[in-house]
file protein.pdb (PDB, C-alpha atoms, pLDDT in the B column)
ATOM      1  CA  MET A   1       8.980 -68.309  62.500  1.00 83.00           C
ATOM      2  CA  PHE A   2       5.521 -69.115  61.213  1.00 90.00           C
ATOM      3  CA  TRP A   3       4.159 -69.823  64.687  1.00 93.00           C
ATOM      4  CA  SER A   4       5.883 -66.717  66.041  1.00 94.00           C
ATOM      5  CA  LEU A   5       3.958 -64.691  63.451  1.00 96.00           C
ATOM      6  CA  VAL A   6       0.720 -66.425  64.445  1.00 97.00           C
ATOM      7  CA  VAL A   7       1.327 -65.582  68.122  1.00 98.00           C
ATOM      8  CA  VAL A   8       2.210 -61.920  67.437  1.00 98.00           C
ATOM      9  CA  THR A   9      -0.818 -61.565  65.155  1.00 98.00           C
ATOM     10  CA  ALA A  10      -3.108 -63.134  67.764  1.00 98.00           C
ATOM     11  CA  PHE A  11      -1.707 -60.827  70.453  1.00 98.00           C
ATOM     12  CA  ASN A  12      -2.293 -57.784  68.237  1.00 98.00           C
ATOM     13  CA  ALA A  13      -5.783 -58.952  67.293  1.00 98.00           C
ATOM     14  CA  VAL A  14      -6.924 -59.589  70.865  1.00 98.00           C
ATOM     15  CA  SER A  15      -5.379 -56.325  72.088  1.00 97.00           C
ATOM     16  CA  ALA A  16      -7.010 -54.219  69.369  1.00 97.00           C
ATOM     17  CA  VAL A  17     -10.436 -55.860  69.606  1.00 98.00           C
ATOM     18  CA  VAL A  18     -10.553 -55.761  73.412  1.00 97.00           C
ATOM     19  CA  GLY A  19      -9.097 -52.233  73.466  1.00 96.00           C
ATOM     20  CA  GLY A  20     -11.606 -50.973  70.913  1.00 96.00           C
ATOM     21  CA  ILE A  21     -14.542 -52.481  72.796  1.00 97.00           C
ATOM     22  CA  ALA A  22     -13.246 -51.096  76.104  1.00 96.00           C
ATOM     23  CA  ILE A  23     -12.809 -47.598  74.665  1.00 95.00           C
ATOM     24  CA  LEU A  24     -16.339 -47.668  73.247  1.00 96.00           C
ATOM     25  CA  ALA A  25     -17.883 -49.124  76.413  1.00 96.00           C
ATOM     26  CA  THR A  26     -16.233 -46.641  78.764  1.00 95.00           C
ATOM     27  CA  GLY A  27     -16.086 -43.555  76.580  1.00 91.00           C
ATOM     28  CA  GLY A  28     -12.297 -43.529  76.533  1.00 90.00           C
ATOM     29  CA  LEU A  29     -11.064 -45.783  79.353  1.00 88.00           C
ATOM     30  CA  GLY A  30     -11.000 -42.819  81.721  1.00 87.00           C
ATOM     31  CA  MET A  31      -8.821 -40.696  79.436  1.00 88.00           C
ATOM     32  CA  PRO A  32      -9.854 -37.049  79.390  1.00 87.00           C
ATOM     33  CA  ALA A  33     -11.465 -35.814  76.162  1.00 87.00           C
ATOM     34  CA  SER A  34      -8.924 -32.978  76.206  1.00 87.00           C
ATOM     35  CA  MET A  35      -6.383 -35.528  74.919  1.00 87.00           C
ATOM     36  CA  LEU A  36      -8.214 -35.252  71.601  1.00 87.00           C
ATOM     37  CA  ASP A  37      -8.008 -31.446  71.390  1.00 87.00           C
ATOM     38  CA  ASP A  38      -5.186 -31.477  68.818  1.00 83.00           C
ATOM     39  CA  GLY A  39      -6.847 -34.056  66.571  1.00 86.00           C
ATOM     40  CA  PRO A  40      -9.905 -34.499  64.385  1.00 91.00           C
ATOM     41  CA  PHE A  41     -12.036 -36.255  67.019  1.00 90.00           C
ATOM     42  CA  THR A  42     -14.286 -34.730  69.668  1.00 90.00           C
ATOM     43  CA  SER A  43     -14.928 -38.012  71.480  1.00 92.00           C
ATOM     44  CA  PHE A  44     -13.371 -41.465  71.721  1.00 94.00           C
ATOM     45  CA  THR A  45     -16.130 -43.073  69.623  1.00 94.00           C
ATOM     46  CA  TRP A  46     -14.352 -42.922  66.260  1.00 95.00           C
ATOM     47  CA  PRO A  47     -10.937 -43.891  67.642  1.00 94.00           C
ATOM     48  CA  GLY A  48     -12.574 -46.841  69.420  1.00 96.00           C
ATOM     49  CA  LEU A  49     -14.346 -47.946  66.249  1.00 97.00           C
ATOM     50  CA  ILE A  50     -11.173 -47.596  64.162  1.00 97.00           C
ATOM     51  CA  LEU A  51      -9.183 -49.592  66.697  1.00 97.00           C
ATOM     52  CA  LEU A  52     -11.848 -52.300  66.861  1.00 97.00           C
ATOM     53  CA  VAL A  53     -12.830 -52.592  63.190  1.00 98.00           C
ATOM     54  CA  VAL A  54      -9.788 -51.505  61.171  1.00 97.00           C
ATOM     55  CA  ILE A  55      -6.846 -52.459  63.366  1.00 98.00           C
ATOM     56  CA  GLY A  56      -8.479 -55.385  65.170  1.00 98.00           C
ATOM     57  CA  GLY A  57     -10.319 -56.537  62.063  1.00 98.00           C
ATOM     58  CA  SER A  58      -7.212 -56.609  59.883  1.00 98.00           C
ATOM     59  CA  GLN A  59      -5.332 -58.520  62.598  1.00 98.00           C
ATOM     60  CA  VAL A  60      -8.176 -61.048  62.929  1.00 98.00           C
ATOM     61  CA  VAL A  61      -8.285 -61.567  59.156  1.00 98.00           C
ATOM     62  CA  ALA A  62      -4.485 -61.945  59.063  1.00 98.00           C
ATOM     63  CA  GLY A  63      -4.637 -64.519  61.850  1.00 97.00           C
ATOM     64  CA  MET A  64      -7.373 -66.484  60.120  1.00 97.00           C
ATOM     65  CA  GLN A  65      -5.420 -66.420  56.862  1.00 96.00           C
ATOM     66  CA  LEU A  66      -2.294 -67.660  58.643  1.00 96.00           C
ATOM     67  CA  ILE A  67      -4.076 -70.487  60.441  1.00 96.00           C
ATOM     68  CA  GLY A  68      -5.765 -71.486  57.183  1.00 94.00           C
ATOM     69  CA  ARG A  69      -2.396 -71.388  55.365  1.00 91.00           C
ATOM     70  CA  ARG A  70      -3.997 -69.156  52.735  1.00 92.00           C
ATOM     71  CA  PRO A  71      -1.802 -67.743  49.954  1.00 89.00           C
ATOM     72  CA  SER A  72      -2.731 -64.199  51.035  1.00 93.00           C
ATOM     73  CA  ALA A  73      -1.700 -64.766  54.668  1.00 95.00           C
ATOM     74  CA  LEU A  74       1.584 -62.871  54.496  1.00 95.00           C
ATOM     75  CA  LEU A  75      -0.005 -59.989  52.598  1.00 95.00           C
ATOM     76  CA  TRP A  76      -2.711 -59.672  55.265  1.00 97.00           C
ATOM     77  CA  SER A  77      -0.095 -59.922  58.009  1.00 97.00           C
ATOM     78  CA  ALA A  78       1.912 -57.109  56.417  1.00 97.00           C
ATOM     79  CA  VAL A  79      -1.189 -54.938  56.014  1.00 98.00           C
ATOM     80  CA  ALA A  80      -2.155 -55.571  59.647  1.00 98.00           C
ATOM     81  CA  GLY A  81       1.380 -54.840  60.877  1.00 97.00           C
ATOM     82  CA  PHE A  82       1.551 -51.578  58.929  1.00 97.00           C
ATOM     83  CA  GLY A  83      -1.908 -50.711  60.225  1.00 97.00           C
ATOM     84  CA  MET A  84      -0.687 -51.176  63.777  1.00 97.00           C
ATOM     85  CA  LEU A  85       2.300 -48.891  63.159  1.00 97.00           C
ATOM     86  CA  ILE A  86       0.149 -46.221  61.502  1.00 97.00           C
ATOM     87  CA  TRP A  87      -2.299 -46.400  64.417  1.00 95.00           C
ATOM     88  CA  ILE A  88       0.488 -45.822  66.947  1.00 95.00           C
ATOM     89  CA  PHE A  89       2.056 -42.973  64.938  1.00 93.00           C
ATOM     90  CA  VAL A  90      -1.293 -41.182  64.583  1.00 92.00           C
ATOM     91  CA  GLU A  91      -2.307 -41.838  68.184  1.00 90.00           C
ATOM     92  CA  THR A  92       0.931 -40.470  69.625  1.00 90.00           C
ATOM     93  CA  GLY A  93       0.669 -37.456  67.324  1.00 88.00           C
ATOM     94  CA  ILE A  94      -2.896 -36.667  68.379  1.00 86.00           C
ATOM     95  CA  ILE A  95      -2.344 -37.082  72.113  1.00 82.00           C
ATOM     96  CA  ARG A  96       1.192 -35.654  71.932  1.00 82.00           C
ATOM     97  CA  GLY A  97       2.673 -38.264  74.185  1.00 80.00           C
ATOM     98  CA  MET A  98       3.723 -41.873  74.463  1.00 84.00           C
ATOM     99  CA  SER A  99       3.321 -44.570  77.081  1.00 87.00           C
ATOM    100  CA  TRP A 100       4.885 -47.974  77.546  1.00 92.00           C
ATOM    101  CA  LEU A 101       1.773 -49.538  75.972  1.00 90.00           C
ATOM    102  CA  GLN A 102       2.261 -47.580  72.775  1.00 92.00           C
ATOM    103  CA  ALA A 103       5.915 -48.636  72.715  1.00 94.00           C
ATOM    104  CA  LEU A 104       4.806 -52.257  73.181  1.00 96.00           C
ATOM    105  CA  TYR A 105       2.318 -52.087  70.288  1.00 96.00           C
ATOM    106  CA  PHE A 106       4.841 -50.300  68.078  1.00 96.00           C
ATOM    107  CA  ALA A 107       7.277 -53.141  68.821  1.00 97.00           C
ATOM    108  CA  SER A 108       4.651 -55.829  68.156  1.00 97.00           C
ATOM    109  CA  GLY A 109       3.701 -54.238  64.814  1.00 97.00           C
ATOM    110  CA  THR A 110       7.367 -54.002  63.869  1.00 97.00           C
ATOM    111  CA  LEU A 111       7.966 -57.616  64.887  1.00 96.00           C
ATOM    112  CA  GLN A 112       4.993 -58.684  62.797  1.00 97.00           C
ATOM    113  CA  LEU A 113       6.527 -57.002  59.736  1.00 96.00           C
ATOM    114  CA  VAL A 114       9.993 -58.441  60.414  1.00 93.00           C
ATOM    115  CA  LEU A 115       8.519 -61.940  60.623  1.00 94.00           C
ATOM    116  CA  VAL A 116       6.658 -61.417  57.335  1.00 94.00           C
ATOM    117  CA  LEU A 117       9.912 -60.307  55.698  1.00 91.00           C
ATOM    118  CA  ALA A 118      11.684 -63.359  57.078  1.00 88.00           C
ATOM    119  CA  LEU A 119       9.005 -65.717  55.805  1.00 90.00           C
ATOM    120  CA  LEU A 120       9.178 -64.046  52.379  1.00 87.00           C
ATOM    121  CA  GLY A 121      12.954 -64.194  52.283  1.00 81.00           C
ATOM    122  CA  ALA A 122      12.906 -60.452  51.499  1.00 78.00           C
ATOM    123  CA  ALA A 123      15.751 -59.516  53.831  1.00 67.00           C
ATOM    124  CA  GLY A 124      19.083 -61.258  53.348  1.00 67.00           C
ATOM    125  CA  TRP A 125      20.020 -60.921  57.019  1.00 65.00           C
ATOM    126  CA  LEU A 126      16.899 -62.826  58.097  1.00 62.00           C
ATOM    127  CA  PRO A 127      16.708 -66.610  57.752  1.00 61.00           C
ATOM    128  CA  ARG A 128      14.106 -67.621  55.174  1.00 60.00           C
ATOM    129  CA  THR A 129      11.342 -69.958  56.285  1.00 61.00           C
ATOM    130  CA  SER A 130       8.484 -70.849  54.004  1.00 63.00           C
ATOM    131  CA  LEU A 131       4.854 -70.808  55.040  1.00 63.00           C
ATOM    132  CA  PRO A 132       3.961 -74.406  55.950  1.00 68.00           C
ATOM    133  CA  SER A 133       1.409 -76.026  53.702  1.00 68.00           C
ATOM    134  CA  ARG A 134      -1.882 -77.312  55.087  1.00 63.00           C
ATOM    135  CA  ARG A 135      -0.807 -80.905  54.468  1.00 59.00           C
ATOM    136  CA  THR A 136       2.568 -80.475  56.175  1.00 52.00           C
ATOM    137  CA  ALA A 137       1.046 -78.664  59.142  1.00 51.00           C
ATOM    138  CA  SER A 138      -1.736 -81.208  59.607  1.00 51.00           C
ATOM    139  CA  ALA A 139       0.865 -83.989  59.636  1.00 49.00           C
ATOM    140  CA  GLY A 140       2.643 -82.229  62.484  1.00 49.00           C
ATOM    141  CA  HIS A 141       5.627 -81.101  60.439  1.00 46.00           C
ATOM    142  CA  GLY A 142       4.953 -77.325  60.438  1.00 47.00           C
ATOM    143  CA  ASP A 143       7.541 -75.044  62.026  1.00 46.00           C
TER     144      ASP A 143
END
call {"tool": "encode", "arguments": {"input": "protein.pdb", "output": "structure tokens"}}
result
Amino acid sequence: MFWSLVVVTAFNAVSAVVGGIAILATGGLGMPASMLDDGPFTSFTWPGLILLVVIGGSQVVAGMQLIGRRPSALLWSAVAGFGMLIWIFVETGIIRGMSWLQALYFASGTLQLVLVLALLGAAGWLPRTSLPSRRTASAGHGD
């Protein structure tokens, strides 16, 4: 389960960072500015920055914490997963619609949180797996 969390976190990190950069570089990836009419933004600049820095940044930090087997890794992973879900909820509310990509990122954020719960042993219906230590992982015995 640990490596599944690493993979989901990496996927979320790459998607958010690349997506944020693409939105900033193209002024919205070809989306009409009218999609923002019901929200607080007048351009895609702030949404692009939030996606890049907040969502992507938290995912990158979570991934680095996981790879480094840091004690705060699961906390960062939970924060990043919740951030992904909040991003999708707000985005779909502002644009008043949903695409398959938003469903995918909602699912990946949810999966990230489920894996954190499993690694914490916080849900009885999920098998508990502890975070591998640096020594165990470097010896090739991580899960």
call {"tool": "residues_around", "arguments": {"input": "protein.pdb", "residues": "segment 70-75 of chain A", "least_positions_apart": "3", "cutoff": "9 Å", "atoms": "all atoms listed in the file", "output": "PyMOL selection string"}}
result
chain A and resi 61-67+78-80+116-117+119-120+131+133-134
call {"tool": "closest_residue", "arguments": {"input": "protein.pdb", "among": "A:Val14, A:Leu113, A:Leu36, A:Leu52", "to": "Thr92 of chain A", "atoms": "all atoms listed in the file"}}
result
A:Leu36
call {"tool": "resolve_selection", "arguments": {"input": "protein.pdb", "expression": "the PyMOL selection byres ((chain A and resi 81) around 10)", "output": "list in words"}}
result
Val8, Thr9, Asn12, Ile55, Ser58, Gln59, Ala62, Leu75, Trp76, Ser77, Ala78, Val79, Ala80, Phe82, Gly83, Met84, Leu85, Ile86, Trp87, Tyr105, Phe106, Ser108, Gly109, Thr110, Leu111, Gln112, Leu113, Val114 and Val116 of chain A
call {"tool": "residues_around", "arguments": {"input": "protein.pdb", "residues": "Gly20 of chain A", "least_positions_apart": "2", "cutoff": "6 Å", "atoms": "all atoms listed in the file", "output": "list in words"}}
result
Ala16, Val17, Val18, Ala22, Ile23, Gly48, Leu51 and Leu52 of chain A
call {"tool": "resolve_selection", "arguments": {"input": "protein.pdb", "expression": "the PyMOL selection byres ((chain A and resi 93-95) around 7)", "output": "mmCIF file with C-alpha atoms, in the frame of the given file"}}
result
data_model
loop_
_atom_site.group_PDB
_atom_site.id
_atom_site.type_symbol
_atom_site.label_atom_id
_atom_site.label_comp_id
_atom_site.auth_asym_id
_atom_site.auth_seq_id
_atom_site.Cartn_x
_atom_site.Cartn_y
_atom_site.Cartn_z
ATOM 1 C CA MET A 35 -6.383 -35.528 74.919
ATOM 2 C CA LEU A 36 -8.214 -35.252 71.601
ATOM 3 C CA ASP A 38 -5.186 -31.477 68.818
ATOM 4 C CA GLY A 39 -6.847 -34.056 66.571
ATOM 5 C CA PHE A 89 2.056 -42.973 64.938
ATOM 6 C CA VAL A 90 -1.293 -41.182 64.583
ATOM 7 C CA GLU A 91 -2.307 -41.838 68.184
ATOM 8 C CA THR A 92 0.931 -40.470 69.625
ATOM 9 C CA ARG A 96 1.192 -35.654 71.932
ATOM 10 C CA GLY A 97 2.673 -38.264 74.185
#
call {"tool": "resolve_selection", "arguments": {"input": "protein.pdb", "expression": "the PyMOL selection byres ((chain A and resi 43) around 10)", "output": "ChimeraX atom specification"}}
result
/A:24,27-28,32-37,40-42,44-48
call {"tool": "closest_residue", "arguments": {"input": "protein.pdb", "among": "A:Ala103, A:Ala118, A:Ala13, A:Val6", "to": "Gly57 of chain A", "atoms": "only C-alpha atoms"}}
result
A:Ala13
call {"tool": "atom_distance", "arguments": {"input": "protein.pdb", "atom1": "atom CA of Arg69 of chain A", "atom2": "atom CA of Phe2 of chain A"}}
result
10.1 Å
call {"tool": "atom_distance", "arguments": {"input": "protein.pdb", "atom1": "atom CA of Leu49 of chain A", "atom2": "atom CA of Gln102 of chain A"}}
result
17.8 Å
call {"tool": "atom_distance", "arguments": {"input": "protein.pdb", "atom1": "atom CA of Leu104 of chain A", "atom2": "atom CA of Gly19 of chain A"}}
result
13.9 Å
call {"tool": "closest_residue", "arguments": {"input": "protein.pdb", "among": "A:Met98, A:Val7, A:Ala122, A:Ala25", "to": "Val60 of chain A", "atoms": "only C-alpha atoms"}}
result
A:Val7
call {"tool": "axis_aligned_box", "arguments": {"input": "protein.pdb", "around": "segment 70-80 of chain A", "padding_each_side": "5 Å", "output": "JSON"}}
result
{"center_x": -1.0, "center_y": -62.0, "center_z": 54.8, "size_x": 15.9, "size_y": 24.2, "size_z": 19.7}
call {"tool": "build_atoms", "arguments": {"input": "protein.pdb", "residues": "segment 34-63 of chain A", "atoms": "N, CA and C atoms", "output": "compact mmCIF listing (two decimals), keeping the file's coordinate frame"}}
result
# COMPACT_ATOMS: atom_id res chain seq x y z
N SER A 34 -9.89 -34.01 76.60
CA SER A 34 -8.92 -32.98 76.21
C SER A 34 -7.71 -33.57 75.49
N MET A 35 -7.47 -34.88 75.65
CA MET A 35 -6.38 -35.53 74.92
C MET A 35 -6.61 -35.47 73.41
N LEU A 36 -7.86 -35.27 73.02
CA LEU A 36 -8.21 -35.25 71.60
C LEU A 36 -8.23 -33.84 71.02
N ASP A 37 -7.91 -32.84 71.83
CA ASP A 37 -8.01 -31.45 71.39
C ASP A 37 -7.19 -31.13 70.14
N ASP A 38 -6.05 -31.77 69.96
CA ASP A 38 -5.19 -31.48 68.82
C ASP A 38 -5.47 -32.37 67.62
N GLY A 39 -6.54 -33.13 67.66
CA GLY A 39 -6.85 -34.06 66.57
C GLY A 39 -8.22 -33.82 65.98
N PRO A 40 -8.63 -34.67 65.09
CA PRO A 40 -9.90 -34.50 64.39
C PRO A 40 -11.13 -35.02 65.14
N PHE A 41 -10.93 -35.62 66.31
CA PHE A 41 -12.04 -36.26 67.02
C PHE A 41 -12.46 -35.43 68.22
N THR A 42 -13.76 -35.44 68.50
CA THR A 42 -14.29 -34.73 69.67
C THR A 42 -14.66 -35.70 70.79
N SER A 43 -14.67 -36.98 70.47
CA SER A 43 -14.93 -38.01 71.48
C SER A 43 -14.09 -39.24 71.11
N PHE A 44 -14.14 -40.25 71.97
CA PHE A 44 -13.37 -41.46 71.72
C PHE A 44 -14.14 -42.49 70.89
N THR A 45 -15.32 -42.13 70.39
CA THR A 45 -16.13 -43.07 69.62
C THR A 45 -15.42 -43.51 68.34
N TRP A 46 -15.01 -42.55 67.51
CA TRP A 46 -14.35 -42.92 66.26
C TRP A 46 -13.02 -43.63 66.49
N PRO A 47 -12.17 -43.13 67.39
CA PRO A 47 -10.94 -43.89 67.64
C PRO A 47 -11.21 -45.32 68.11
N GLY A 48 -12.22 -45.50 68.96
CA GLY A 48 -12.57 -46.84 69.42
C GLY A 48 -13.04 -47.73 68.28
N LEU A 49 -13.87 -47.18 67.40
CA LEU A 49 -14.35 -47.95 66.25
C LEU A 49 -13.21 -48.29 65.29
N ILE A 50 -12.31 -47.34 65.05
CA ILE A 50 -11.17 -47.60 64.16
C ILE A 50 -10.27 -48.68 64.76
N LEU A 51 -10.01 -48.58 66.04
CA LEU A 51 -9.18 -49.59 66.70
C LEU A 51 -9.84 -50.97 66.61
N LEU A 52 -11.12 -51.03 66.89
CA LEU A 52 -11.85 -52.30 66.86
C LEU A 52 -11.95 -52.87 65.45
N VAL A 53 -12.49 -52.07 64.52
CA VAL A 53 -12.83 -52.59 63.19
C VAL A 53 -11.62 -52.65 62.25
N VAL A 54 -10.88 -51.55 62.15
CA VAL A 54 -9.79 -51.50 61.17
C VAL A 54 -8.55 -52.25 61.69
N ILE A 55 -8.07 -51.84 62.85
CA ILE A 55 -6.85 -52.46 63.37
C ILE A 55 -7.14 -53.89 63.83
N GLY A 56 -8.13 -54.04 64.70
CA GLY A 56 -8.48 -55.38 65.17
C GLY A 56 -8.95 -56.28 64.05
N GLY A 57 -9.80 -55.74 63.17
CA GLY A 57 -10.32 -56.54 62.06
C GLY A 57 -9.24 -57.04 61.13
N SER A 58 -8.29 -56.17 60.78
CA SER A 58 -7.21 -56.61 59.88
C SER A 58 -6.33 -57.66 60.56
N GLN A 59 -6.13 -57.52 61.87
CA GLN A 59 -5.33 -58.52 62.60
C GLN A 59 -6.07 -59.87 62.66
N VAL A 60 -7.38 -59.81 62.89
CA VAL A 60 -8.18 -61.05 62.93
C VAL A 60 -8.14 -61.74 61.57
N VAL A 61 -8.33 -60.97 60.50
CA VAL A 61 -8.28 -61.57 59.16
C VAL A 61 -6.90 -62.16 58.88
N ALA A 62 -5.85 -61.43 59.25
CA ALA A 62 -4.49 -61.94 59.06
C ALA A 62 -4.29 -63.25 59.82
N GLY A 63 -4.76 -63.30 61.05
CA GLY A 63 -4.64 -64.52 61.85
C GLY A 63 -5.39 -65.68 61.24
